[in-house]
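**Student:** File name run.cif; file contents mmCIF, C-alpha atoms; full text below.
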```cif
data_structure
loop_
_atom_site.label_atom_id
_atom_site.label_comp_id
_atom_site.auth_asym_id
_atom_site.auth_seq_id
_atom_site.Cartn_x
_atom_site.Cartn_y
_atom_site.Cartn_z
CA MET A 254 -15.21 -7.47 8.26
CA LYS A 255 -12.90 -9.37 10.58
CA ILE A 256 -9.39 -9.06 9.19
CA LEU A 257 -6.07 -10.57 10.23
CA VAL A 258 -3.20 -8.19 9.52
CA THR A 259 0.24 -9.69 10.04
CA GLY A 260 3.21 -7.40 10.61
CA THR A 261 1.32 -4.80 12.68
CA ALA A 262 4.44 -3.82 14.63
CA GLY A 263 5.95 -3.11 11.21
CA PHE A 264 5.80 0.03 9.12
CA ILE A 265 3.01 -0.64 6.60
CA GLY A 266 1.11 -3.04 8.86
CA TYR A 267 0.86 -0.44 11.62
CA HIS A 268 -0.59 2.20 9.29
CA LEU A 269 -2.95 -0.32 7.68
CA ALA A 270 -4.28 -1.54 11.02
CA LEU A 271 -5.06 2.03 12.10
CA ARG A 272 -6.97 2.76 8.89
CA LEU A 273 -9.00 -0.44 9.10
CA LEU A 274 -9.83 0.19 12.76
CA GLU A 275 -10.89 3.75 12.05
CA ARG A 276 -13.32 2.62 9.36
CA GLY A 277 -14.87 0.06 11.73
CA ASP A 278 -13.40 -3.30 10.78
CA THR A 279 -12.54 -5.80 13.49
CA VAL A 280 -8.79 -6.38 13.33
CA VAL A 281 -6.44 -8.92 14.83
CA GLY A 282 -2.80 -7.87 14.52
CA LEU A 283 0.09 -10.31 14.56
CA ASP A 284 3.85 -9.70 14.73
CA ASN A 285 6.87 -11.51 16.12
CA ILE A 286 8.55 -8.19 17.09
CA ASN A 287 12.00 -9.43 16.07
CA ASP A 288 15.17 -7.39 16.54
CA TYR A 289 16.02 -6.86 12.85
CA TYR A 290 15.89 -3.14 13.60
CA ASP A 291 15.35 -0.83 16.60
CA GLN A 292 12.55 -2.45 18.60
CA SER A 293 11.65 0.85 20.26
CA VAL A 294 10.10 1.90 16.94
CA LYS A 295 8.07 -1.32 16.83
CA TYR A 296 6.87 -0.96 20.41
CA GLY A 297 6.07 2.69 19.73
CA ARG A 298 3.83 1.70 16.83
CA LEU A 299 2.10 -0.92 18.99
CA ALA A 300 1.59 1.59 21.81
CA ASN A 301 -0.18 3.91 19.35
CA THR A 302 -2.71 1.16 18.72
CA GLY A 303 -3.24 0.60 22.44
CA ILE A 304 -0.90 -2.37 22.91
CA GLU A 305 1.64 -1.80 25.69
CA LYS A 306 4.97 -3.62 25.75
CA GLU A 307 4.46 -4.88 29.31
CA SER A 308 1.24 -6.68 28.38
CA ILE A 309 2.69 -8.68 25.48
CA GLU A 310 3.05 -12.42 26.02
CA TYR A 311 3.88 -14.81 23.20
CA GLY A 312 0.82 -16.54 21.77
CA LYS A 313 -1.62 -14.60 23.95
CA LEU A 314 -4.26 -12.30 22.42
CA ILE A 315 -4.23 -8.85 24.01
CA ARG A 316 -7.08 -6.34 23.77
CA SER A 317 -6.26 -2.79 22.79
CA SER A 318 -6.77 -0.02 25.35
CA LYS A 319 -7.66 2.40 22.52
CA PHE A 320 -9.79 0.37 20.11
CA ASP A 321 -12.62 -1.95 21.09
CA ASN A 322 -12.27 -3.67 17.72
CA TYR A 323 -8.55 -4.51 17.99
CA GLN A 324 -6.58 -7.40 19.44
CA PHE A 325 -2.87 -8.21 19.05
CA VAL A 326 -0.83 -11.39 19.35
CA GLN A 327 2.93 -11.89 19.27
CA MET A 328 3.60 -14.93 17.08
CA ASN A 329 5.97 -16.30 14.46
CA LEU A 330 4.43 -17.28 11.12
CA GLU A 331 6.62 -20.40 11.27
CA ASP A 332 4.67 -21.48 14.39
CA LYS A 333 2.09 -23.53 12.48
CA GLU A 334 0.36 -25.00 15.53
CA ASN A 335 -0.42 -21.64 17.13
CA LEU A 336 -1.22 -20.01 13.78
CA ASP A 337 -3.73 -22.75 12.92
CA ALA A 338 -5.33 -22.39 16.34
CA LEU A 339 -5.64 -18.62 15.86
CA PHE A 340 -7.40 -19.05 12.50
CA ALA A 341 -9.75 -21.72 13.85
CA GLU A 342 -10.68 -19.60 16.87
CA GLN A 343 -11.03 -16.19 15.24
CA LYS A 344 -12.76 -17.13 11.96
CA PHE A 345 -11.38 -14.30 9.88
CA ASP A 346 -13.11 -13.04 6.76
CA ARG A 347 -9.96 -11.76 5.09
CA VAL A 348 -6.21 -11.77 5.66
CA CYS A 349 -3.52 -9.24 4.77
CA ASN A 350 -0.06 -10.77 5.18
CA LEU A 351 2.55 -8.04 5.56
CA ALA A 352 4.81 -9.93 7.99
CA ALA A 353 8.12 -10.87 6.39
CA GLN A 354 11.84 -10.68 6.82
CA ALA A 355 12.58 -7.48 4.94
CA GLY A 356 15.76 -5.99 3.51
CA VAL A 357 17.82 -6.79 0.42
CA ARG A 358 21.30 -6.41 1.93
CA TYR A 359 20.49 -8.39 5.09
CA SER A 360 19.54 -11.36 2.89
CA LEU A 361 23.19 -11.62 1.87
CA VAL A 362 24.30 -12.29 5.45
CA ASN A 363 21.32 -14.10 7.00
CA PRO A 364 19.54 -16.05 4.25
CA GLN A 365 17.91 -18.51 6.64
CA ALA A 366 15.76 -15.74 8.15
CA TYR A 367 14.14 -15.27 4.73
CA ILE A 368 13.42 -18.97 4.27
CA ASN A 369 11.85 -19.21 7.72
CA ALA A 370 9.61 -16.13 7.59
CA ASN A 371 8.99 -15.63 3.89
CA ILE A 372 8.74 -19.22 2.66
CA ILE A 373 7.77 -21.46 5.58
CA GLY A 374 5.73 -18.71 7.21
CA PHE A 375 3.92 -17.91 3.98
CA VAL A 376 2.94 -21.50 3.22
CA ASN A 377 1.53 -21.70 6.76
CA ILE A 378 -0.60 -18.64 5.96
CA LEU A 379 -1.77 -20.23 2.70
CA GLU A 380 -2.68 -23.47 4.43
CA ALA A 381 -4.59 -21.63 7.14
CA CYS A 382 -6.50 -19.64 4.50
CA ARG A 383 -7.28 -22.82 2.57
CA HIS A 384 -8.70 -24.66 5.58
CA ASN A 385 -10.65 -21.73 7.06
CA ASN A 386 -12.60 -20.46 4.05
CA ILE A 387 -10.82 -17.10 3.90
CA GLN A 388 -12.56 -14.83 1.37
CA HIS A 389 -9.37 -13.10 0.25
CA LEU A 390 -5.65 -13.20 1.02
CA ALA A 391 -3.75 -10.02 0.12
CA TYR A 392 -0.01 -10.24 0.69
CA ALA A 393 3.15 -8.17 0.37
CA SER A 394 5.37 -8.82 -2.59
CA SER A 395 8.05 -6.33 -3.67
CA SER A 396 9.38 -4.31 -6.57
CA SER A 397 12.59 -6.29 -5.96
CA VAL A 398 11.13 -9.17 -7.99
CA TYR A 399 11.90 -7.25 -11.19
CA GLY A 400 15.60 -7.94 -10.63
CA LEU A 401 17.58 -7.67 -13.87
CA ASN A 402 14.62 -6.34 -15.89
CA GLU A 403 15.63 -3.20 -17.78
CA THR A 404 12.36 -2.29 -19.52
CA MET A 405 10.84 0.72 -17.77
CA PRO A 406 8.34 1.21 -16.28
CA PHE A 407 8.10 -2.21 -14.63
CA SER A 408 4.84 -3.93 -15.59
CA THR A 409 3.13 -6.80 -13.79
CA SER A 410 2.89 -8.43 -17.21
CA ASP A 411 6.71 -8.57 -17.43
CA ASN A 412 8.68 -11.74 -16.80
CA VAL A 413 10.35 -11.67 -13.36
CA ASP A 414 12.56 -14.75 -13.46
CA HIS A 415 15.90 -13.05 -12.74
CA PRO A 416 15.97 -11.81 -9.12
CA VAL A 417 19.27 -10.47 -7.76
CA SER A 418 18.75 -11.17 -4.04
CA LEU A 419 17.32 -13.96 -1.93
CA TYR A 420 14.81 -11.45 -0.57
CA ALA A 421 13.50 -10.87 -4.10
CA ALA A 422 13.49 -14.61 -4.81
CA SER A 423 11.44 -15.23 -1.66
CA LYS A 424 8.86 -12.67 -2.79
CA LYS A 425 8.65 -14.18 -6.27
CA SER A 426 8.19 -17.54 -4.54
CA ASN A 427 5.25 -16.10 -2.59
CA GLU A 428 3.54 -15.16 -5.84
CA LEU A 429 4.08 -18.64 -7.28
CA MET A 430 2.84 -20.33 -4.12
CA ALA A 431 -0.22 -18.07 -4.01
CA HIS A 432 -1.12 -18.93 -7.59
CA THR A 433 -0.91 -22.62 -6.80
CA TYR A 434 -3.40 -22.22 -3.93
CA SER A 435 -5.69 -20.06 -6.07
CA HIS A 436 -5.59 -22.66 -8.84
CA LEU A 437 -5.90 -25.82 -6.76
CA PHE A 438 -8.10 -24.70 -3.90
CA GLY A 439 -9.84 -21.55 -5.15
CA VAL A 440 -8.28 -19.29 -2.51
CA PRO A 441 -8.54 -15.69 -3.86
CA THR A 442 -5.08 -14.13 -3.58
CA THR A 443 -3.63 -10.74 -4.52
CA GLY A 444 0.08 -9.92 -4.44
CA LEU A 445 1.17 -6.32 -3.84
CA ARG A 446 4.50 -5.26 -5.30
CA PHE A 447 5.43 -2.29 -3.10
CA PHE A 448 7.83 0.34 -4.45
CA THR A 449 10.17 1.96 -1.86
CA VAL A 450 7.66 2.93 0.81
CA TYR A 451 8.52 5.88 3.08
CA GLY A 452 6.84 8.11 5.65
CA PRO A 453 6.29 8.58 9.42
CA TRP A 454 7.10 5.52 11.56
CA GLY A 455 9.27 4.23 8.69
CA ARG A 456 11.87 1.50 8.93
CA PRO A 457 15.24 2.49 10.46
CA ASP A 458 17.12 0.45 7.83
CA MET A 459 15.71 2.50 4.93
CA ALA A 460 17.51 5.39 3.22
CA LEU A 461 15.26 8.21 4.45
CA PHE A 462 15.69 7.16 8.07
CA LEU A 463 19.45 6.57 7.76
CA PHE A 464 20.04 9.87 5.92
CA THR A 465 17.96 11.91 8.36
CA LYS A 466 19.67 10.40 11.39
CA ALA A 467 23.18 10.92 10.00
CA MET A 468 22.51 14.50 8.87
CA LEU A 469 21.04 15.51 12.23
CA GLU A 470 24.15 14.04 13.89
CA ASP A 471 26.44 15.89 11.42
CA LYS A 472 27.73 12.60 10.02
CA PRO A 473 28.31 11.75 6.34
CA ILE A 474 25.76 9.68 4.43
CA ASP A 475 26.62 6.69 2.23
CA VAL A 476 25.29 7.33 -1.28
CA PHE A 477 25.40 4.14 -3.33
CA ASN A 478 25.87 3.89 -7.10
CA TYR A 479 27.47 7.35 -6.83
CA GLY A 480 24.00 8.88 -6.50
CA GLU A 481 22.79 7.52 -9.85
CA MET A 482 20.05 5.39 -8.28
CA LYS A 483 16.44 6.07 -9.16
CA ARG A 484 13.61 4.93 -6.92
CA ASP A 485 9.82 5.07 -7.24
CA PHE A 486 9.40 6.46 -3.71
CA THR A 487 5.81 5.92 -2.51
CA TYR A 488 4.30 7.59 0.55
CA VAL A 489 2.87 5.20 3.13
CA ASP A 490 -0.66 6.68 3.14
CA ASP A 491 -0.85 6.10 -0.61
CA ILE A 492 0.27 2.52 -0.11
CA VAL A 493 -2.35 1.90 2.59
CA GLU A 494 -5.16 3.32 0.47
CA GLY A 495 -4.15 0.95 -2.31
CA VAL A 496 -3.97 -2.03 0.05
CA ILE A 497 -7.44 -1.34 1.44
CA ARG A 498 -8.94 -1.12 -2.05
CA VAL A 499 -7.30 -4.44 -2.88
CA ILE A 500 -8.57 -6.12 0.30
CA ASP A 501 -12.10 -4.97 -0.56
CA HIS A 502 -11.94 -6.43 -4.09
CA PRO A 503 -11.01 -10.13 -4.20
CA PRO A 504 -9.95 -11.30 -7.69
CA ALA A 505 -12.47 -13.42 -9.57
CA GLY A 506 -10.18 -14.83 -12.25
CA ASN A 507 -9.73 -13.77 -15.85
CA SER A 508 -11.82 -15.89 -18.25
CA GLU A 509 -9.80 -14.60 -21.20
CA TRP A 510 -6.45 -15.70 -19.78
CA THR A 511 -4.69 -18.34 -21.85
CA GLY A 512 -1.66 -20.51 -21.32
CA ALA A 513 -0.70 -19.99 -24.96
CA SER A 514 0.31 -16.39 -24.16
CA PRO A 515 0.22 -16.26 -20.36
CA ASP A 516 -0.01 -12.92 -18.57
CA PRO A 517 1.96 -13.31 -15.28
CA SER A 518 -0.23 -10.74 -13.50
CA CYS A 519 -3.44 -12.77 -13.56
CA SER A 520 -4.92 -16.20 -14.24
CA LYS A 521 -8.14 -18.10 -14.83
CA ALA A 522 -7.84 -18.80 -11.10
CA PRO A 523 -8.80 -16.05 -8.60
CA TYR A 524 -5.28 -14.62 -8.61
CA LYS A 525 -3.90 -11.13 -9.24
CA VAL A 526 -0.68 -9.14 -8.81
CA TYR A 527 -0.53 -5.32 -8.65
CA ASN A 528 2.25 -2.76 -8.56
CA ILE A 529 1.71 -0.07 -5.92
CA GLY A 530 4.09 2.79 -6.63
CA ASN A 531 4.10 6.51 -7.29
CA SER A 532 4.90 5.85 -10.97
CA SER A 533 7.29 8.79 -10.87
CA PRO A 534 10.90 7.72 -10.22
CA VAL A 535 13.13 10.17 -8.36
CA LYS A 536 16.93 10.41 -8.56
CA LEU A 537 18.57 9.61 -5.25
CA MET A 538 20.34 12.97 -5.29
CA ASP A 539 16.98 14.75 -5.71
CA PHE A 540 15.61 12.73 -2.79
CA ILE A 541 18.57 13.83 -0.69
CA GLU A 542 17.92 17.44 -1.71
CA ALA A 543 14.34 17.10 -0.42
CA ILE A 544 15.73 15.94 2.93
CA GLU A 545 18.23 18.82 2.98
CA ALA A 546 15.44 21.29 2.28
CA SER A 547 13.29 19.94 5.12
CA LEU A 548 16.19 19.85 7.58
CA GLY A 549 17.66 23.16 6.46
CA LYS A 550 21.17 21.72 6.21
CA LYS A 551 23.43 20.12 3.62
CA ALA A 552 24.53 16.50 3.69
CA GLU A 553 28.15 15.39 3.54
CA LYS A 554 28.03 12.65 0.89
CA ASN A 555 30.19 9.54 0.81
CA LEU A 556 29.82 8.36 -2.81
CA MET A 557 30.06 4.57 -3.13
CA PRO A 558 29.57 1.85 -5.80
CA ILE A 559 26.28 -0.02 -6.12
CA GLN A 560 25.78 -2.72 -3.47
CA PRO A 561 25.28 -6.43 -4.31
CA GLY A 562 21.56 -7.19 -4.59
CA ASP A 563 20.60 -3.61 -5.43
CA VAL A 564 19.05 -2.56 -8.73
CA PRO A 565 19.91 0.83 -10.30
CA ALA A 566 16.31 1.96 -10.86
CA THR A 567 12.66 1.15 -10.12
CA TRP A 568 9.56 2.55 -11.80
CA ALA A 569 6.04 1.20 -11.39
CA ASP A 570 3.51 0.83 -14.16
CA VAL A 571 0.24 1.11 -12.20
CA THR A 572 -2.14 0.99 -15.16
CA ASP A 573 -4.06 -2.04 -13.92
CA LEU A 574 -4.36 -0.55 -10.41
CA VAL A 575 -5.94 2.56 -11.94
CA GLU A 576 -8.20 0.60 -14.28
CA ASP A 577 -9.36 -2.00 -11.74
CA LEU A 578 -9.52 0.04 -8.54
CA ASP A 579 -9.60 3.65 -9.78
CA TYR A 580 -6.56 4.53 -7.72
CA LYS A 581 -3.07 5.97 -8.22
CA PRO A 582 -0.63 7.11 -5.50
CA ASN A 583 0.18 10.82 -5.80
CA THR A 584 1.85 12.32 -2.69
CA PRO A 585 4.75 14.60 -3.77
CA ILE A 586 8.22 13.71 -2.45
CA GLN A 587 8.80 17.00 -0.62
CA GLU A 588 5.49 16.71 1.24
CA GLY A 589 6.11 13.10 2.26
CA VAL A 590 9.69 13.76 3.33
CA SER A 591 8.63 16.78 5.43
CA ARG A 592 6.01 14.68 7.23
CA PHE A 593 8.60 12.00 7.99
CA ILE A 594 11.12 14.47 9.37
CA ALA A 595 8.49 16.11 11.58
CA TRP A 596 7.67 12.65 13.00
CA TYR A 597 11.36 11.76 13.42
CA LYS A 598 12.13 14.91 15.40
CA GLU A 599 9.14 14.33 17.65
CA PHE A 600 9.82 10.62 18.23
CA TYR A 601 13.52 11.06 18.97
CA LYS A 602 13.07 14.47 20.63
CA VAL A 603 15.63 16.29 18.51
CA GLY A 604 15.60 19.98 17.65
#
```
Once more with this new file: its structure as structure tokens, please.

**Tutor:**
Amino acid sequence: MKILVTGTAGFIGYHLALRLLERGDTVVGLDNINDYYDQSVKYGRLANTGIEKESIEYGKLIRSSKFDNYQFVQMNLEDKENLDALFAEQKFDRVCNLAAQAGVRYSLVNPQAYINANIIGFVNILEACRHNNIQHLAYASSSSVYGLNETMPFSTSDNVDHPVSLYAASKKSNELMAHTYSHLFGVPTTGLRFFTVYGPWGRPDMALFLFTKAMLEDKPIDVFNYGEMKRDFTYVDDIVEGVIRVIDHPPAGNSEWTGASPDPSCSKAPYKVYNIGNSSPVKLMDFIEAIEASLGKKAEKNLMPIQPGDVPATWADVTDLVEDLDYKPNTPIQEGVSRFIAWYKEFYKVG
């Protein structure tokens, strides 16, 4: 297949592009390479797919030096004119939209970035899919949409009308917008609610990265909610395997769905939402202990109250992912953390 993957300078997008290329798909990667976090990590990911920083020019497709079946373009999703031209020229079979402004806490200080990338950018993707006969649009949602929900584990059949950050609201909006396009125009769409993804080449604004960096520099780590947080940490390879299975299986619509008792996870339209998580929540303190074990040193902990926009716990119900796609993430925390730390030490050349 010919697949557009947006966000390929990003964490999940980079790993997904590599897997698709290795199995023989033709891939076009897109990313705006913004400065939300350390750009050296983004350019490092791109270099691993054969795209060198010096060759990047906005709006220009660049061929990979490592993969004959890969091209990359720097572009903003808000740039409708260039995005439409890319779709018309490349004639993609399927699209996986992972490009977004990420981060819960950043949405408190720069809300406009989330409207631009996650709302305007996403409707541009939907419009391009609608007008170019795309067979399937898979897109990143987030476990953040569960907001004030307290029933555990989180199910895609739960109501998610009480987000606690603009980031979460933008992801819920993506799901609503996708359903509209599935219903009105028959565009098959699948939303992917990711649960705390971690692993090599991870985001520098995430806990694992921040904790590892601080501990190696003998600095204290900020532990929010006094360490009482629980997160459904999910290793990036598990996430990518789930995403690929989703891309390969466009939703057909559920003929038994009814508006009298509507299930939010599906529709009569070709629309579906999945959780992708380890379905095994880990206490933040246990996560920190896994890092300490891999580094062979103890962390100095600065215990702090919960931050605005954060939720105390996440836990994914992945029943429908198992039933529909015969898949469940399963990488143990210690194994995943050890792989990340090995990558971190190599990338930053620390002992």

**Student:** Let me know the residues the PyMOL selection byres ((chain A and resi 395) around 7) catches in the file above, as a PyMOL selection string.

**Tutor:** chain A and resi 393-394+396-398+424+445-448

**Student:** Please produce an output containing C-alpha atoms for each residue in the selection, written as an mmCIF file, in the coordinates of the input.

**Tutor:**
```
data_model
loop_
_atom_site.group_PDB
_atom_site.id
_atom_site.type_symbol
_atom_site.label_atom_id
_atom_site.label_comp_id
_atom_site.auth_asym_id
_atom_site.auth_seq_id
_atom_site.Cartn_x
_atom_site.Cartn_y
_atom_site.Cartn_z
ATOM 1 C CA ALA A 393 3.150 -8.170 0.370
ATOM 2 C CA SER A 394 5.370 -8.820 -2.590
ATOM 3 C CA SER A 396 9.380 -4.310 -6.570
ATOM 4 C CA SER A 397 12.590 -6.290 -5.960
ATOM 5 C CA VAL A 398 11.130 -9.170 -7.990
ATOM 6 C CA LYS A 424 8.860 -12.670 -2.790
ATOM 7 C CA LEU A 445 1.170 -6.320 -3.840
ATOM 8 C CA ARG A 446 4.500 -5.260 -5.300
ATOM 9 C CA PHE A 447 5.430 -2.290 -3.100
ATOM 10 C CA PHE A 448 7.830 0.340 -4.450
#
```

**Student:** Quick one: of A:Tyr311, A:Phe340, A:Phe320, A:Tyr289, who's nearest to Leu271 (chain A), counting all atoms listed in the file?

**Tutor:**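 Looking at the shortest contact to Leu271 (chain A), the residue is A:Phe320.
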
**Student:** Using the chain letters and residue numbers of this document, give as a PyMOL selection string the residues selected by the PyMOL selection byres ((chain A and resi 385) around 9).

**Tutor:** chain A and resi 340-341+344-345+380-384+386-387

**Student:** Mind dumping the selected residues with C-alpha atoms as a short mmCIF file (atom, residue, chain, number, x, y, z; two decimals), keeping the file's coordinate frame?

**Tutor:**
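Produced file selection27.cif, reproduced below:
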```
data_model
loop_
_atom_site.label_atom_id
_atom_site.label_comp_id
_atom_site.auth_asym_id
_atom_site.auth_seq_id
_atom_site.Cartn_x
_atom_site.Cartn_y
_atom_site.Cartn_z
CA PHE A 340 -7.40 -19.05 12.50
CA ALA A 341 -9.75 -21.72 13.85
CA LYS A 344 -12.76 -17.13 11.96
CA PHE A 345 -11.38 -14.30 9.88
CA GLU A 380 -2.68 -23.47 4.43
CA ALA A 381 -4.59 -21.63 7.14
CA CYS A 382 -6.50 -19.64 4.50
CA ARG A 383 -7.28 -22.82 2.57
CA HIS A 384 -8.70 -24.66 5.58
CA ASN A 386 -12.60 -20.46 4.05
CA ILE A 387 -10.82 -17.10 3.90
#
```

**Student:** Can you list, as a PDB file with C-alpha atoms, keeping the file's coordinate frame, the residues that the PyMOL selection byres ((chain A and resi 286) around 7) selects here?

**Tutor:**
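Listing of selection-v8.pdb after writing:
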```pdb
ATOM      1  CA  ALA A 262       4.440  -3.820  14.630  1.00  0.00           C
ATOM      2  CA  ASP A 284       3.850  -9.700  14.730  1.00  0.00           C
ATOM      3  CA  ASN A 285       6.870 -11.510  16.120  1.00  0.00           C
ATOM      4  CA  ASN A 287      12.000  -9.430  16.070  1.00  0.00           C
ATOM      5  CA  ASP A 288      15.170  -7.390  16.540  1.00  0.00           C
ATOM      6  CA  LYS A 295       8.070  -1.320  16.830  1.00  0.00           C
TER       7      LYS A 295
END
```

**Student:** Which one of A:Ala543, A:Leu578, A:Ala552, A:Leu469 sits closest to Val603 (chain A) if you count all atoms listed in the file?

**Tutor:**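 Result for the nearest residue to Val603 (chain A): A:Leu469.
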
**Student:** Kindly provide the residues of region 450-501 of chain A that approach region 522-533 of chain A to within 10 Å, each paired with its closest atom pair and their distance in Å to one decimal, based on all atoms listed in the file, listed by chain and increasing number, as JSON lines.

**Tutor:**
```
{"residue": "A:Val450", "atom": "CA", "partner": "A:Gly530", "partner_atom": "CA", "distance": 8.3}
{"residue": "A:Lys483", "atom": "CA", "partner": "A:Ser533", "partner_atom": "CA", "distance": 9.7}
{"residue": "A:Arg484", "atom": "CA", "partner": "A:Ser533", "partner_atom": "CA", "distance": 8.4}
{"residue": "A:Asp485", "atom": "CA", "partner": "A:Ser533", "partner_atom": "CA", "distance": 5.8}
{"residue": "A:Phe486", "atom": "CA", "partner": "A:Asn531", "partner_atom": "CA", "distance": 6.4}
{"residue": "A:Thr487", "atom": "CA", "partner": "A:Asn531", "partner_atom": "CA", "distance": 5.1}
{"residue": "A:Tyr488", "atom": "CA", "partner": "A:Asn531", "partner_atom": "CA", "distance": 7.9}
{"residue": "A:Asp491", "atom": "CA", "partner": "A:Asn531", "partner_atom": "CA", "distance": 8.3}
{"residue": "A:Ile492", "atom": "CA", "partner": "A:Ile529", "partner_atom": "CA", "distance": 6.5}
{"residue": "A:Val493", "atom": "CA", "partner": "A:Ile529", "partner_atom": "CA", "distance": 9.6}
{"residue": "A:Glu494", "atom": "CA", "partner": "A:Ile529", "partner_atom": "CA", "distance": 10.0}
{"residue": "A:Gly495", "atom": "CA", "partner": "A:Ile529", "partner_atom": "CA", "distance": 7.0}
{"residue": "A:Val496", "atom": "CA", "partner": "A:Ile529", "partner_atom": "CA", "distance": 8.5}
{"residue": "A:Val499", "atom": "CA", "partner": "A:Tyr527", "partner_atom": "CA", "distance": 8.9}
```

**Student:** Would you mind exporting C-alpha atoms of the selected residues as a tab-separated table (two decimals), keeping the file's coordinate frame?

**Tutor:**
```
chain	number	residue	atom	x	y	z
A	450	VAL	CA	7.66	2.93	0.81
A	483	LYS	CA	16.44	6.07	-9.16
A	484	ARG	CA	13.61	4.93	-6.92
A	485	ASP	CA	9.82	5.07	-7.24
A	486	PHE	CA	9.40	6.46	-3.71
A	487	THR	CA	5.81	5.92	-2.51
A	488	TYR	CA	4.30	7.59	0.55
A	491	ASP	CA	-0.85	6.10	-0.61
A	492	ILE	CA	0.27	2.52	-0.11
A	493	VAL	CA	-2.35	1.90	2.59
A	494	GLU	CA	-5.16	3.32	0.47
A	495	GLY	CA	-4.15	0.95	-2.31
A	496	VAL	CA	-3.97	-2.03	0.05
A	499	VAL	CA	-7.30	-4.44	-2.88
```

**Student:** Give the answer as one residue: which of A:Ser318, A:Thr259, A:Gln388, A:Thr442 has the shortest atom-to-atom distance to Ala370 (chain A), using all atoms listed in the file?

**Tutor:**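 Among the listed residues, A:Thr259 lies closest to Ala370 (chain A).
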